[in-house]
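J.: What follows is my_file33.cif, mmCIF, C-alpha atoms.
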data_my_file
#
loop_
_atom_site.label_atom_id
_atom_site.label_comp_id
_atom_site.auth_asym_id
_atom_site.auth_seq_id
_atom_site.Cartn_x
_atom_site.Cartn_y
_atom_site.Cartn_z
CA MET W 1 -29.72 -1.15 13.95
CA SER W 2 -30.44 1.70 16.33
CA GLU W 3 -29.33 5.20 15.42
CA ARG W 4 -26.61 5.24 18.10
CA GLU W 5 -25.76 1.57 18.47
CA LEU W 6 -22.05 2.37 18.92
CA GLU W 7 -22.53 5.03 21.58
CA GLY W 8 -19.52 5.18 23.89
CA LYS W 9 -17.24 3.22 21.56
CA MET W 10 -13.86 4.46 20.32
CA ALA W 11 -12.59 3.75 16.81
CA LEU W 12 -9.44 3.99 14.73
CA VAL W 13 -9.79 4.17 10.94
CA THR W 14 -6.64 3.96 8.82
CA GLY W 15 -6.62 5.28 5.29
CA ALA W 16 -9.46 7.53 6.41
CA THR W 17 -8.95 10.32 3.89
CA GLY W 18 -9.09 8.32 0.66
CA GLY W 19 -11.66 6.31 -1.29
CA ILE W 20 -14.32 4.88 1.01
CA GLY W 21 -12.49 6.11 4.12
CA PRO W 22 -14.46 9.32 4.71
CA SER W 23 -17.76 7.48 4.30
CA ILE W 24 -16.66 4.86 6.85
CA CYS W 25 -15.76 7.60 9.31
CA HIS W 26 -19.10 9.39 8.85
CA GLU W 27 -20.99 6.11 9.29
CA LEU W 28 -19.22 5.24 12.54
CA VAL W 29 -19.64 8.73 13.95
CA GLU W 30 -23.35 8.69 13.09
CA ALA W 31 -23.55 5.45 15.07
CA GLY W 32 -22.06 7.19 18.11
CA ASP W 33 -18.35 6.43 17.86
CA ALA W 34 -15.62 8.75 19.02
CA ILE W 35 -13.01 8.41 16.30
CA LEU W 36 -9.39 8.94 15.39
CA VAL W 37 -8.86 9.23 11.64
CA HIS W 38 -5.50 8.25 10.21
CA GLY W 39 -3.91 9.44 7.01
CA HIS W 40 -0.53 8.50 5.61
CA THR W 41 0.66 12.00 4.72
CA GLN W 42 -2.50 14.03 4.03
CA LEU W 43 -2.79 15.94 7.31
CA GLN W 44 -4.82 18.75 5.73
CA ALA W 45 -7.33 16.25 4.34
CA ALA W 46 -7.49 14.50 7.71
CA ASP W 47 -8.06 17.80 9.52
CA ALA W 48 -10.81 18.75 7.05
CA LEU W 49 -12.50 15.38 7.62
CA VAL W 50 -12.33 15.86 11.39
CA ARG W 51 -14.04 19.25 11.05
CA GLU W 52 -16.88 17.53 9.18
CA LEU W 53 -17.14 14.81 11.83
CA ASP W 54 -17.10 17.29 14.71
CA SER W 55 -20.44 18.64 13.50
CA CYS W 56 -22.01 15.33 14.57
CA GLY W 57 -21.22 16.12 18.20
CA VAL W 58 -18.77 13.23 18.67
CA ALA W 59 -15.07 13.55 19.50
CA ALA W 60 -12.88 13.27 16.39
CA HIS W 61 -9.13 13.64 16.00
CA ALA W 62 -6.66 13.36 13.13
CA VAL W 63 -3.14 11.98 12.96
CA CYS W 64 -0.72 11.16 10.15
CA SER W 65 1.92 8.46 10.30
CA ASP W 66 3.69 5.99 8.03
CA LEU W 67 2.16 2.62 8.88
CA THR W 68 4.58 0.82 6.58
CA GLU W 69 7.12 1.24 9.37
CA PRO W 70 6.96 -1.67 11.85
CA THR W 71 7.38 0.67 14.83
CA SER W 72 4.63 3.14 13.84
CA ALA W 73 1.49 1.21 14.83
CA GLU W 74 2.05 1.02 18.58
CA PRO W 75 2.43 4.82 19.00
CA LEU W 76 -0.68 5.27 16.84
CA VAL W 77 -2.75 2.96 19.03
CA SER W 78 -1.36 4.65 22.15
CA GLU W 79 -2.44 8.01 20.76
CA VAL W 80 -5.96 6.69 20.21
CA VAL W 81 -6.14 5.44 23.81
CA ASP W 82 -4.70 8.69 25.19
CA ARG W 83 -7.02 10.95 23.17
CA LEU W 84 -10.23 8.94 23.26
CA GLY W 85 -9.83 6.92 26.46
CA GLY W 86 -9.65 3.47 24.89
CA LEU W 87 -10.06 1.51 21.68
CA ASP W 88 -13.02 -0.68 20.69
CA ILE W 89 -13.02 -0.70 16.89
CA VAL W 90 -10.27 -0.82 14.26
CA VAL W 91 -10.90 -0.41 10.54
CA ASN W 92 -7.85 -1.04 8.36
CA ASN W 93 -8.71 0.78 5.13
CA ALA W 94 -5.33 1.96 3.83
CA GLY W 95 -4.57 0.63 0.36
CA VAL W 96 -2.96 1.23 -3.05
CA THR W 97 -2.91 -0.66 -6.34
CA LEU W 98 -0.84 -1.22 -9.48
CA GLY W 99 -3.61 -1.53 -12.02
CA GLY W 100 -2.94 -3.75 -15.02
CA VAL W 101 0.74 -4.54 -14.42
CA GLY W 102 1.81 -8.13 -15.04
CA VAL W 103 4.27 -10.06 -12.90
CA GLU W 104 7.14 -9.71 -15.37
CA ASP W 105 6.62 -5.94 -15.62
CA THR W 106 6.19 -5.29 -11.91
CA ASP W 107 9.08 -3.30 -10.47
CA PRO W 108 10.26 -4.91 -7.20
CA ALA W 109 10.14 -1.50 -5.52
CA ASP W 110 6.47 -1.14 -6.49
CA TRP W 111 5.78 -4.68 -5.26
CA LEU W 112 7.28 -3.82 -1.88
CA ARG W 113 5.36 -0.53 -1.68
CA VAL W 114 2.02 -2.21 -2.34
CA THR W 115 2.83 -5.04 0.08
CA ASP W 116 3.91 -2.61 2.79
CA ILE W 117 0.73 -0.54 2.57
CA ASN W 118 -1.86 -3.21 1.81
CA LEU W 119 -0.65 -6.09 3.97
CA HIS W 120 2.18 -5.22 6.32
CA SER W 121 0.39 -2.17 7.74
CA VAL W 122 -2.68 -4.31 8.48
CA PHE W 123 -0.52 -6.78 10.39
CA TYR W 124 1.23 -4.01 12.32
CA VAL W 125 -2.02 -2.28 13.32
CA CYS W 126 -3.80 -5.52 14.26
CA ARG W 127 -0.85 -6.63 16.36
CA ALA W 128 -0.65 -3.28 18.17
CA ALA W 129 -4.41 -2.99 18.67
CA ILE W 130 -5.06 -6.36 20.32
CA PRO W 131 -3.80 -5.37 23.80
CA ALA W 132 -5.91 -2.20 23.72
CA LEU W 133 -9.01 -4.12 22.63
CA ARG W 134 -8.33 -6.69 25.33
CA GLN W 135 -8.25 -3.95 27.96
CA ARG W 136 -11.79 -2.98 26.91
CA GLY W 137 -13.00 -6.56 27.32
CA GLY W 138 -13.20 -7.16 23.57
CA GLY W 139 -13.85 -5.28 20.38
CA CYS W 140 -13.75 -5.70 16.64
CA ILE W 141 -11.40 -5.33 13.70
CA VAL W 142 -12.54 -4.86 10.10
CA ASN W 143 -9.86 -5.31 7.44
CA VAL W 144 -10.75 -3.97 4.00
CA ALA W 145 -9.75 -6.50 1.34
CA SER W 146 -11.16 -6.67 -2.21
CA ASN W 147 -13.46 -8.62 -4.50
CA ILE W 148 -10.34 -9.26 -6.56
CA VAL W 149 -9.58 -12.24 -4.30
CA ASN W 150 -12.53 -14.01 -5.92
CA SER W 151 -11.34 -13.54 -9.51
CA LEU W 152 -7.53 -13.13 -9.43
CA PRO W 153 -7.25 -11.68 -12.95
CA GLY W 154 -3.98 -11.29 -14.83
CA GLY W 155 -2.27 -7.97 -14.27
CA SER W 156 -3.20 -7.84 -10.59
CA ALA W 157 -0.34 -9.72 -8.94
CA ALA W 158 0.68 -7.16 -6.33
CA TYR W 159 -2.81 -6.02 -5.40
CA ALA W 160 -4.48 -9.44 -5.47
CA THR W 161 -1.68 -11.11 -3.53
CA THR W 162 -1.78 -8.53 -0.75
CA LYS W 163 -5.57 -8.52 -0.48
CA ALA W 164 -5.65 -12.32 -0.39
CA GLY W 165 -3.09 -12.04 2.39
CA VAL W 166 -5.40 -9.67 4.28
CA VAL W 167 -8.20 -12.25 4.10
CA ALA W 168 -5.87 -15.01 5.32
CA LEU W 169 -4.55 -12.85 8.17
CA THR W 170 -8.11 -12.00 9.15
CA LYS W 171 -9.17 -15.63 9.36
CA VAL W 172 -6.08 -16.69 11.31
CA LEU W 173 -6.27 -13.81 13.77
CA SER W 174 -9.99 -14.35 14.36
CA LYS W 175 -9.27 -17.84 15.68
CA GLU W 176 -6.58 -16.56 18.02
CA VAL W 177 -8.62 -13.84 19.74
CA ALA W 178 -12.28 -14.92 19.56
CA HIS W 179 -12.19 -16.31 23.09
CA GLU W 180 -11.31 -12.82 24.33
CA GLY W 181 -14.37 -11.25 22.75
CA ILE W 182 -12.44 -9.75 19.85
CA ARG W 183 -14.05 -10.23 16.45
CA VAL W 184 -12.03 -9.96 13.23
CA ASN W 185 -13.64 -9.81 9.79
CA ALA W 186 -12.62 -8.82 6.29
CA LEU W 187 -14.75 -6.78 3.90
CA SER W 188 -14.22 -7.21 0.16
CA PRO W 189 -15.82 -4.47 -1.97
CA GLY W 190 -16.45 -4.94 -5.67
CA LEU W 191 -16.49 -2.03 -8.10
CA ILE W 192 -17.20 1.09 -6.03
CA ALA W 193 -17.59 4.58 -7.45
CA ALA W 194 -15.00 6.08 -5.11
CA GLY W 195 -11.21 6.13 -4.84
CA MET W 196 -9.49 3.39 -6.83
CA GLY W 197 -12.81 2.15 -8.16
CA GLN W 198 -13.71 5.58 -9.51
CA GLY W 199 -10.31 5.74 -11.17
CA ALA W 200 -10.97 2.40 -12.85
CA ILE W 201 -14.34 3.65 -14.09
CA GLU W 202 -12.80 6.80 -15.53
CA ARG W 203 -10.06 4.85 -17.34
CA ARG W 204 -12.63 2.84 -19.29
CA THR W 205 -14.42 3.95 -22.43
CA VAL W 206 -18.22 3.97 -22.43
CA ASP W 207 -18.25 0.70 -24.38
CA GLN W 208 -15.71 -0.93 -22.06
CA MET W 209 -17.69 0.17 -19.02
CA GLY W 210 -20.89 -1.15 -20.53
CA ARG W 211 -19.36 -4.57 -21.11
CA PHE W 212 -17.88 -4.57 -17.65
CA LEU W 213 -21.20 -3.77 -15.98
CA GLU W 214 -22.77 -6.69 -17.82
CA SER W 215 -20.64 -8.96 -15.62
CA ILE W 216 -22.28 -7.47 -12.51
CA PRO W 217 -25.82 -8.76 -11.95
CA SER W 218 -26.77 -5.44 -10.32
CA ARG W 219 -25.58 -3.65 -13.49
CA ARG W 220 -23.99 -0.74 -11.63
CA PRO W 221 -21.07 0.18 -9.41
CA GLY W 222 -21.60 0.31 -5.68
CA THR W 223 -21.41 3.47 -3.61
CA ALA W 224 -19.12 4.30 -0.72
CA ARG W 225 -22.16 4.45 1.57
CA GLU W 226 -23.13 0.90 0.63
CA ILE W 227 -19.70 -0.25 1.85
CA SER W 228 -19.55 1.89 4.97
CA ALA W 229 -23.01 0.67 6.02
CA VAL W 230 -21.63 -2.89 6.07
CA VAL W 231 -18.62 -1.74 8.10
CA ARG W 232 -21.04 -0.22 10.59
CA PHE W 233 -22.96 -3.47 10.83
CA LEU W 234 -19.77 -5.51 11.32
CA CYS W 235 -18.84 -3.23 14.22
CA SER W 236 -22.30 -3.34 15.79
CA PRO W 237 -23.85 -5.60 18.44
CA GLY W 238 -25.93 -7.11 15.65
CA ALA W 239 -22.78 -8.83 14.34
CA SER W 240 -21.74 -10.18 17.75
CA TYR W 241 -21.58 -13.81 16.50
CA LEU W 242 -19.86 -12.97 13.22
CA THR W 243 -16.08 -13.41 13.09
CA GLY W 244 -13.45 -14.86 10.78
CA GLN W 245 -15.48 -14.03 7.68
CA ASN W 246 -14.73 -12.32 4.39
CA VAL W 247 -17.91 -10.37 3.64
CA THR W 248 -18.14 -9.63 -0.08
CA VAL W 249 -20.17 -6.61 -1.21
CA ASN W 250 -20.08 -6.59 -5.00
CA GLY W 251 -23.53 -6.50 -6.55
CA GLY W 252 -23.28 -10.22 -7.30
CA ASP W 253 -20.07 -9.98 -9.35
CA ARG W 254 -17.61 -12.88 -9.12
CA THR W 255 -16.15 -12.76 -12.60
CA GLU W 256 -13.91 -9.75 -13.06
CA SER W 257 -11.59 -7.26 -11.41
CA TYR W 258 -12.28 -3.55 -11.12
CA GLN W 259 -8.64 -2.61 -11.74
#
Represent the supplied structure as structure tokens.

T.:
Amino acid sequence: MSERELEGKMALVTGATGGIGPSICHELVEAGDAILVHGHTQLQAADALVRELDSCGVAAHAVCSDLTEPTSAEPLVSEVVDRLGGLDIVVNNAGVTLGGVGVEDTDPADWLRVTDINLHSVFYVCRAAIPALRQRGGGCIVNVASNIVNSLPGGSAAYATTKAGVVALTKVLSKEVAHEGIRVNALSPGLIAAGMGQGAIERRTVDQMGRFLESIPSRRPGTAREISAVVRFLCSPGASYLTGQNVTVNGGDRTESYQ
């Protein structure tokens, strides 16, 4: 890829302030994107991230909104278009988990919260973004799912169900919009030393972590940069014939969850 392969493109990244979000934003800006970073409630964190991105010489803006509300996505997309002049790239990165809670012990309110953030918000943003992408003659959407869809371990009902839903939504939507030049892919990270993944690492003892890493052929967690680099590729001209896929980046692991 060239150093500025996304020059002149405009991007929206949801969940930009947490986990792998900042790394995704930095990667896209380094590739030449103007960007609007979205946070749920952390406006100070979003503003701080924008100040970092501004140093790259590319337009960056921050906004906070509750994407679990069905009516919130359209104003967000409109703000992107108004501030940046259009929309070419969408990265749905917002997400939460209920680590290690079985079905019987899952509070319905927690189930709804995880579903609203992990799945419903992705649907709302995709639905709102399609007309804006169409106006630009095409574009791409990257929906962040999880390696958990490959293992579906006990104690992961809310998280695994919503991330599997993200993969299904991605595949369905890709078929509906491919003829308009809009590509839609999912990205499923394995154990990553950032955000929720870092929390899972810290909850384990040294012995537990050692046994867990034995299930990963690469014998280590991934880094946020190793995920954001794949996001950059999926948004680039080099991925122009790639759509409807769930790209798994997990060091070879297909046996266990990182929760």

J.: Do you know which residues the PyMOL selection byres ((chain W and resi 58) around 8) returns on this file, as a list in words?

T.: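 For this structure, the PyMOL selection byres ((chain W and resi 58) around 8) resolves to Val29, Gly32, Asp33, Ala34, Ile35, Leu53, Asp54, Ser55, Cys56, Gly57, Ala59 and Ala60 of chain W.
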
J.: At a cut-off of 6 Å, can you tabulate as a tab-separated table every residue of range 129-197 of chain W near range 85-99 of chain W together with its closest atom pair and the distance in Å to one decimal, using only C-alpha atoms and ordering rows by chain then number?

T.:
residue	atom	partner	partner_atom	distance
W:Ala132	CA	W:Leu87	CA	5.9
W:Leu133	CA	W:Asp88	CA	5.6
W:Gly139	CA	W:Asp88	CA	4.7
W:Cys140	CA	W:Ile89	CA	5.1
W:Ile141	CA	W:Val90	CA	4.7
W:Val142	CA	W:Val91	CA	4.8
W:Asn143	CA	W:Asn92	CA	4.8
W:Val144	CA	W:Asn93	CA	5.3
W:Tyr159	CA	W:Thr97	CA	5.4

J.: Would you kindly return, as a PyMOL selection string, each protein, DNA or RNA residue with an atom no farther than 12 Å from any atom of Ala178 in chain W, considering only C-alpha atoms and excluding same-chain residues fewer than 3 positions away?

T.: chain W and resi 130+133-134+137-141+170-175+181-185+240-244

J.: Please list, as a CSV table (one decimal) with C-alpha atoms, keeping the file's coordinate frame, the residues that have an atom at most 12 Å away from (-1.0, -1.8, -2.1) in the coordinates of this file, counting all atoms listed in the file.

T.:
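Writing done, so here's part-v8.csv:
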chain,number,residue,atom,x,y,z
W,15,GLY,CA,-6.6,5.3,5.3
W,68,THR,CA,4.6,0.8,6.6
W,93,ASN,CA,-8.7,0.8,5.1
W,94,ALA,CA,-5.3,2.0,3.8
W,95,GLY,CA,-4.6,0.6,0.4
W,96,VAL,CA,-3.0,1.2,-3.0
W,97,THR,CA,-2.9,-0.7,-6.3
W,98,LEU,CA,-0.8,-1.2,-9.5
W,99,GLY,CA,-3.6,-1.5,-12.0
W,109,ALA,CA,10.1,-1.5,-5.5
W,110,ASP,CA,6.5,-1.1,-6.5
W,111,TRP,CA,5.8,-4.7,-5.3
W,112,LEU,CA,7.3,-3.8,-1.9
W,113,ARG,CA,5.4,-0.5,-1.7
W,114,VAL,CA,2.0,-2.2,-2.3
W,115,THR,CA,2.8,-5.0,0.1
W,116,ASP,CA,3.9,-2.6,2.8
W,117,ILE,CA,0.7,-0.5,2.6
W,118,ASN,CA,-1.9,-3.2,1.8
W,119,LEU,CA,-0.6,-6.1,4.0
W,120,HIS,CA,2.2,-5.2,6.3
W,121,SER,CA,0.4,-2.2,7.7
W,122,VAL,CA,-2.7,-4.3,8.5
W,144,VAL,CA,-10.8,-4.0,4.0
W,145,ALA,CA,-9.8,-6.5,1.3
W,146,SER,CA,-11.2,-6.7,-2.2
W,156,SER,CA,-3.2,-7.8,-10.6
W,157,ALA,CA,-0.3,-9.7,-8.9
W,158,ALA,CA,0.7,-7.2,-6.3
W,159,TYR,CA,-2.8,-6.0,-5.4
W,160,ALA,CA,-4.5,-9.4,-5.5
W,161,THR,CA,-1.7,-11.1,-3.5
W,162,THR,CA,-1.8,-8.5,-0.8
W,163,LYS,CA,-5.6,-8.5,-0.5
W,164,ALA,CA,-5.6,-12.3,-0.4
W,165,GLY,CA,-3.1,-12.0,2.4
W,166,VAL,CA,-5.4,-9.7,4.3
W,196,MET,CA,-9.5,3.4,-6.8

J.: Of the candidates W:Val149, W:Ala48, W:Cys25, W:Leu43, which shows the shortest atom-to-atom distance to Cys64 in chain W, using only C-alpha atoms?

T.: W:Leu43

J.: Separation of CA of Val37 in chain W and CA of Val13 in chain W, in Å?

T.: 5.2 Å

J.: Interatomic distance between CA of Ser65 in chain W and CA of Pro22 in chain W?

T.: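 A separation of 17.3 Å between them.
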